[in-house]
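Have a look at the structure below, then the notes.
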Amino acid sequence: MSVLLEVDDLRISARNDNDELTPIVKGVSFTVARGEVVALIGESGSGKTTIALSSLGYTKPGLEFAGGEVRLEGEDVISMGPDQLRGLRGQRVAYLAQSAAATFNPALTIGEQVTETCVLHDILTQEEADARAETLYRALELPDPDRLGKRYPHQVSGGQLQRLMAATALCGKPDLLVLDEPTTALDVTTQIEVLKAFKSVIKQEGAAAIYVTHDLSVVAQIADHIVVLYAGEIQEHGTAEQVVSKPGHDYTRRLMHAVRPPPAAGQGDETSDEHHRKAPALEVKDLLAGYGIIQNGLPSITVLRDVNVAIERGHSVGIIGESGCGKSTLARVMAGLLPAAKGQVLLDGEELEPALQQRKREELQKVQFVFQMADTALNPRQRIDHILGRPLEFYLGLKGNEKRRRIGELLDMVELPQDFAGRYPEELSGGQKQRINLARALAASPEVLLCDEVISALDSIVGANVIELLKRLRKQTGVSFVFISHDLSTVASFADEIVVLYAGRVVEKGTTDEVLSPPYHPYTRLLISSVPELRVGWLEETMETQEAQAGIDRVVMLKDKGCPFFDRCPMAIEDVCDEETPPVRNLAGNHAIECHRSQAEFAH
Amino acid sequence: MSDTPQEAPASTPFDELPTAPPKRKIKLSWPGKIGISVLIFWAVIVAIGPMIAPYHEADILDEELFIVPGSDEMYPDTDFQPPSSIVWLGSDYLGRDTLSRILYGARTTIGISFIATLLAYLIGVTLGIASAVGSRFLDMSLSRVNDALISIPSIMFALVLIAALNSPGIFWLIIIAGVIYATSVFRIARSLGQEVMVSDFVEAAKVRGEGLWWIITREVLPNIAMPLATDFGLRFVWVILFISSLSFLGLGVQPPMSDWGSMVKENLSGLVYGSVAPLMPALAIATLTISVNMIVDDISAHSGGKLAKRMIS
């Protein structure tokens, strides 16, 4: 194979306000051959995106090339002038950003945007480009390829948009594709469909690609070569098979350690009953909630229906589902941020007011909410000691020395140094902020912690550390956890009970072992089979299964009647599943599945 | 028995990335520094202007001063005299010292504008925040009234008010300017406030059970103070120009008090004689407003241009 891109001793530095240079990329060399996918893997801050962008002759503002060469077919792109770069970008090297939703212009049709680049560069005429786009839609297995170009971005799903991004990039037949975390923000079921489409289209087009990600298991599916980066230096470089099966470097092993094993029974934390009391710590009964104006007791958009969940004292309940299934809404109803339209929220067996304004201070204290994004959940204008001190003062009436001592204890608890008390949130890293976010919730001495996707925005290693911390805190404090995540592996490693939500309904619930071992609800089975495994060849095997073929690439719809999973279910019964609300089947223990199929039929 | 822990050793070389970013500091570039110097210069003039002025603002200079030694001209012209050792910046149409009038006028022009801007902020921020945190009904009614007011051209609006009040004094001038500029402050405060109100940390405060007052003073205000302070500079410039325009039309500060805007207007006829009298106060207005603009630009460059964009609208 001939070499397409050579990165030779690349050095990139950042210039700060005092005009000092800090090296970000410290002498990185690797090559990309034609038709090959090279993955750059590392945590945020490792310089992987910076390196990938250098193949476009581009650096982010504040960064500058400090040495080395990036040669595309022997030509150095770093020393190119603006005119040459214009010819290079979009034409020979195409870039695919992380968020398709943010990249597409909602006011233009998909077709206009997919063909725009290659028409602008005079590679193809508009007609040729339209024809080429249609071929690509087919190659990417997008629905309705003839008319897709005339639709607008909001009319297709997130996964489809992500694939359309690939069509945009590929339309001008570039030599090299740069994919920057293209599946990170997607649900597992969507991720699979996008990965599969990318893989086959790259093969068909014979394009080379640089694939930037922090997720080893994704890389194992798509890359030929893997470059492992840490702090701007290459730690390990080898074929995918080699790196995944025989990691040669400590850091790679650590990355692999942080990849949670595929969800299976027996991983959950052990349940302790030492804090057990009669009534569950928190319970919701027959909940119906949604957004918009409430008319006749029904909100204009219903998000949750017939939801019954009980959180026993000291237990942790994982709530899992794809985006839009109502996970966060459930947490918001529990916290009182969104009053329920129908149903009850009970704390210690006593009914809570639906809206938090009417709840008593002691009730608010017992249920604490941990927000997803620590970046936005901490007031940037308050010092850490103020952020942690306020709940202490507000709920517990602590002042002066006592408050200071307790702030110190809280920082200890989340494994941060004491002198962080005097810092502002912007002086902390992402993982550290998330720890403060947790500490603030713990400051109230709560009985239930509602954790909404608390590690989704964190790198795998940082996230794994936070999970360890949560486990320890749970043992120490006996707090009950509601752990919301779209990542089944995370939930499986932390929760001792799991609630599976689909389109606002609880489709399955039970202990972690019960939910993660047969019998499964068809949706749970789809979710489990969609979590990428850390081995080469997993993607192909999975795509063969009937769940994957039936359930992937469908839009989740909220329905008033029938089973919401009907059109994605490989076991659906025509005229029953789409008409009648499925019955709840109580199996052994607390295990319950909501489905028309009988227990015997789940088994296989 | 040695049990080896599964996780990596404590002194691992692979720390969480990235390390905590350093604290951001605002460093002014040289246009910003020039702006600050000019602004400080004018602030000093406001404080000590009348003390260092060679004459009083209302003094019509004696002809004797202008008698050139050795000349037999006993009654020389005193108006529109060019700069000389007697009148450093020349004299105006009545034969008053331009320099003294600018020094006195700094206090009037900057003082009135500053108080009017403060008033605009007091009204605008209070109502804007109320609108951002209050009920939908309150927000709608305040916003619609504001829209109505903002749609009237400000000078016209001021002219009508001044005519209705029958040439009122400085007090009313400040009130009028304050109310007119409160409308744009309202819009900015409201949109900034709304943005902060939907942020997670305000939601966190709500879940904690904090009252509205605490949320406004501790969560919202500190986060909008910086953009508002920057906008204050710009708004201040607009008010100076506004007051000067009114004075230029003869409806602002009344003679014999000096004010930069009215000085330009009074001496406009001097342009024909090549007098610098109308240029000097214009230059004073220009230096002050441009320097404030340079500072604002510099600060908004540091906040990523987001600020500047919002303030244009």
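Labels for the structure tokens follow display order: chains A, B, ..., residues from 1 in each chain, ligands from 1.
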Determine which residues of chain A sit within 8 Å of chain B, taking into account only C-alpha atoms, and present them as a tab-separated table (two decimals) with N, CA and C atoms, in the first residue's frame.
chain	number	residue	atom	x	y	z
A	17	ASP	N	-0.95	33.94	27.37
A	17	ASP	CA	-1.05	35.40	27.41
A	17	ASP	C	0.32	36.07	27.58
A	43	GLU	N	-7.10	10.43	26.04
A	43	GLU	CA	-8.11	11.18	26.78
A	43	GLU	C	-8.14	12.61	26.25
A	44	SER	N	-9.12	13.40	26.74
A	44	SER	CA	-9.13	14.79	26.31
A	44	SER	C	-7.90	15.47	26.89
A	45	GLY	N	-7.28	16.30	26.07
A	45	GLY	CA	-6.04	16.93	26.48
A	45	GLY	C	-4.83	16.16	26.02
A	46	SER	N	-5.02	15.02	25.37
A	46	SER	CA	-3.87	14.25	24.93
A	46	SER	C	-3.34	14.74	23.58
A	231	ALA	N	-0.66	12.98	26.62
A	231	ALA	CA	0.02	14.26	26.79
A	231	ALA	C	0.89	14.62	25.59
A	251	TYR	N	0.10	2.59	29.75
A	251	TYR	CA	-1.02	3.50	29.58
A	251	TYR	C	-2.15	2.85	28.79
A	254	ARG	N	-3.99	0.78	31.00
A	254	ARG	CA	-4.88	1.54	31.87
A	254	ARG	C	-6.15	1.96	31.14
A	335	ALA	N	-37.11	15.05	41.85
A	335	ALA	CA	-36.56	16.22	42.54
A	335	ALA	C	-37.58	17.34	42.68
A	336	GLY	N	-38.69	17.25	41.94
A	336	GLY	CA	-39.71	18.29	42.02
A	336	GLY	C	-39.49	19.42	41.03
A	337	LEU	N	-38.47	19.30	40.19
A	337	LEU	CA	-38.24	20.34	39.19
A	337	LEU	C	-39.35	20.36	38.16
A	356	LEU	N	-41.40	21.52	43.75
A	356	LEU	CA	-40.42	21.68	44.83
A	356	LEU	C	-40.66	22.93	45.66
A	357	GLN	N	-41.34	23.94	45.09
A	357	GLN	CA	-41.62	25.15	45.86
A	357	GLN	C	-42.46	24.85	47.09
A	361	ARG	N	-38.18	22.12	53.60
A	361	ARG	CA	-36.73	22.14	53.48
A	361	ARG	C	-36.11	20.79	53.83
A	364	LEU	N	-36.46	18.52	50.90
A	364	LEU	CA	-35.52	18.85	49.84
A	364	LEU	C	-34.13	18.35	50.19
A	365	GLN	N	-33.81	18.47	51.47
A	365	GLN	CA	-32.48	18.05	51.92
A	365	GLN	C	-32.25	16.57	51.65
A	368	GLN	N	-31.22	14.82	46.89
A	368	GLN	CA	-30.31	15.76	46.24
A	368	GLN	C	-30.06	15.35	44.79
A	369	PHE	N	-29.91	16.35	43.97
A	369	PHE	CA	-29.79	16.14	42.53
A	369	PHE	C	-28.34	16.44	42.12
A	371	PHE	N	-26.16	17.15	38.90
A	371	PHE	CA	-26.39	17.45	37.49
A	371	PHE	C	-25.35	16.80	36.59
A	373	MET	N	-23.76	17.97	33.77
A	373	MET	CA	-22.59	18.73	33.35
A	373	MET	C	-22.05	19.53	34.53
A	376	THR	N	-21.49	23.34	33.94
A	376	THR	CA	-22.55	24.34	34.04
A	376	THR	C	-23.28	24.27	35.38
A	377	ALA	N	-23.05	23.22	36.14
A	377	ALA	CA	-23.79	23.08	37.39
A	377	ALA	C	-23.13	23.83	38.54
A	378	LEU	N	-21.89	24.26	38.33
A	378	LEU	CA	-21.21	25.03	39.38
A	378	LEU	C	-21.16	26.49	38.94
A	379	ASN	N	-21.58	27.36	39.84
A	379	ASN	CA	-21.58	28.78	39.53
A	379	ASN	C	-20.13	29.26	39.36
A	380	PRO	N	-19.77	29.75	38.16
A	380	PRO	CA	-18.37	30.12	37.93
A	380	PRO	C	-17.89	31.28	38.79
A	381	ARG	N	-18.81	32.00	39.39
A	381	ARG	CA	-18.43	33.17	40.19
A	381	ARG	C	-18.35	32.85	41.68
A	391	PRO	N	-24.96	24.63	51.08
A	391	PRO	CA	-25.89	23.61	51.60
A	391	PRO	C	-25.69	23.33	53.08
A	426	GLU	N	-13.40	27.29	37.43
A	426	GLU	CA	-12.65	27.26	36.17
A	426	GLU	C	-11.20	26.86	36.38
A	427	GLU	N	-10.75	26.81	37.63
A	427	GLU	CA	-9.38	26.37	37.89
A	427	GLU	C	-9.30	24.86	38.12
A	428	LEU	N	-10.41	24.17	37.86
A	428	LEU	CA	-10.45	22.73	38.07
A	428	LEU	C	-10.61	21.99	36.74
A	429	SER	N	-10.16	20.75	36.69
A	429	SER	CA	-10.38	19.95	35.48
A	429	SER	C	-11.77	19.34	35.52
A	431	GLY	N	-12.94	16.26	35.64
A	431	GLY	CA	-13.19	15.24	36.65
A	431	GLY	C	-13.26	15.85	38.04
A	461	ILE	N	-11.06	6.99	31.76
A	461	ILE	CA	-10.30	6.78	33.00
A	461	ILE	C	-10.86	7.65	34.13
A	462	VAL	N	-11.13	8.92	33.81
A	462	VAL	CA	-11.70	9.82	34.82
A	462	VAL	C	-13.05	9.30	35.28
I want to know what sits within 10 Å of Met74 of chain B, based on only C-alpha atoms, with residues of the same chain fewer than 4 positions away left out; could you give that as an mmCIF file with C-alpha atoms, in the first residue's frame?
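Final file, part_20.cif:
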data_model
loop_
_atom_site.group_PDB
_atom_site.id
_atom_site.type_symbol
_atom_site.label_atom_id
_atom_site.label_comp_id
_atom_site.auth_asym_id
_atom_site.auth_seq_id
_atom_site.Cartn_x
_atom_site.Cartn_y
_atom_site.Cartn_z
ATOM 1 C CA GLU B 63 -10.186 93.448 25.297
ATOM 2 C CA GLU B 64 -7.104 94.671 27.133
ATOM 3 C CA PHE B 66 -5.634 90.927 23.527
ATOM 4 C CA ILE B 67 -3.812 94.223 22.949
ATOM 5 C CA VAL B 68 -0.619 93.384 21.191
#
Contacts of Glu601 of chain A at 10 Å (only C-alpha atoms; same-chain gap of 5+ positions) as a ChimeraX atom specification: /A:519-520,571,596
Export N, CA and C atoms of the chosen residues as a JSON list (two decimals), in the first residue's frame?
[["chain", "number", "residue", "atom", "x", "y", "z"],
["A", 519, "PRO", "N", -34.58, -14.46, 31.38],
["A", 519, "PRO", "CA", -35.23, -13.90, 30.20],
["A", 519, "PRO", "C", -35.09, -12.38, 30.11],
["A", 520, "TYR", "N", -34.94, -11.91, 28.88],
["A", 520, "TYR", "CA", -34.84, -10.48, 28.62],
["A", 520, "TYR", "C", -36.11, -9.96, 27.98],
["A", 571, "MET", "N", -39.80, -9.65, 17.90],
["A", 571, "MET", "CA", -40.80, -10.61, 18.34],
["A", 571, "MET", "C", -42.20, -10.02, 18.31],
["A", 596, "HIS", "N", -46.18, -8.48, 25.67],
["A", 596, "HIS", "CA", -47.26, -9.40, 25.33],
["A", 596, "HIS", "C", -46.79, -10.84, 25.26]]
Residues within 10 Å of segment 30-32 of chain A, only C-alpha atoms, excluding chain neighbours under 2 positions, as a ChimeraX atom specification: /A:1-10,28,34-39,70-72,176,208-210,224-225,227,234,237
Two-atom distance - atom CA of Ala421 of chain A, atom CA of Ala444 of chain A (Å): 17.1 Å
9 Å contact set for Ile150 of chain B, only C-alpha atoms, chain neighbours under 2 positions out, as a VMD selection string: chain B and resid 145 to 148 152 to 154 180 to 181 183 to 184
With C-alpha atoms retained, export the selected residues as a PDB file, in the first residue's frame.
ATOM      1  CA  VAL B 145     -43.977  48.411  26.965  1.00  0.00           C
ATOM      2  CA  ASN B 146     -40.231  48.449  26.428  1.00  0.00           C
ATOM      3  CA  ASP B 147     -40.638  47.567  22.765  1.00  0.00           C
ATOM      4  CA  ALA B 148     -43.015  50.489  22.352  1.00  0.00           C
ATOM      5  CA  ILE B 152     -39.497  55.810  19.193  1.00  0.00           C
ATOM      6  CA  PRO B 153     -36.314  57.525  17.954  1.00  0.00           C
ATOM      7  CA  SER B 154     -34.575  58.694  21.110  1.00  0.00           C
ATOM      8  CA  ILE B 180     -34.665  56.596  27.303  1.00  0.00           C
ATOM      9  CA  TYR B 181     -31.474  54.570  27.757  1.00  0.00           C
ATOM     10  CA  THR B 183     -34.919  50.652  27.482  1.00  0.00           C
ATOM     11  CA  SER B 184     -31.797  49.207  25.886  1.00  0.00           C
TER      12      SER B 184
END
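Put simply, atom CA of Val178 of chain A is 10.7 Å away from atom CA of Gln98 of chain A.
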For atom CA of Ile45 of chain B and atom CA of Asp62 of chain B, the interatomic separation in Å (one decimal):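 Answer for the atom CA of Ile45 of chain B to atom CA of Asp62 of chain B separation: 25.7 Å.
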Nearest to Val133 of chain B by atom-to-atom distance, counting only C-alpha atoms, from B:Thr289, B:Ser91, B:Ser100, B:Thr217: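 Under the stated criterion, the closest residue is B:Thr217.
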Near-Tyr152 of chain A list (12 Å; only C-alpha atoms; drop same-chain fewer than 6 positions) as number ranges by chain: A: 101, 104-114, 160-161, 164
Neighbour list for Leu142 of chain A as number ranges by chain, cut-off 8 Å, only C-alpha atoms, skip fewer than 3 positions in-chain: A: 137-139, 145, 160, 163
DSSP-assigned alpha helix (DSSP H) among segment 52-235 of chain B, expressed as JSON, numbers by chain: {"B": [52, 98, 99, 100, 101, 102, 103, 104, 105, 106, 107, 108, 109, 110, 111, 112, 113, 114, 115, 116, 117, 118, 119, 120, 121, 122, 123, 124, 125, 126, 127, 128, 129, 130, 131, 132, 133, 136, 137, 138, 139, 140, 141, 142, 143, 144, 145, 146, 147, 148, 149, 150, 154, 155, 156, 157, 158, 159, 160, 161, 162, 163, 164, 170, 171, 172, 173, 174, 175, 176, 177, 178, 179, 180, 181, 182, 183, 184, 185, 186, 187, 188, 189, 190, 191, 192, 193, 194, 195, 196, 197, 200, 201, 202, 203, 204, 205, 206, 207, 208, 212, 213, 214, 221, 222, 223, 224, 225, 226, 227, 228, 229, 230, 231, 232, 233, 234, 235]}
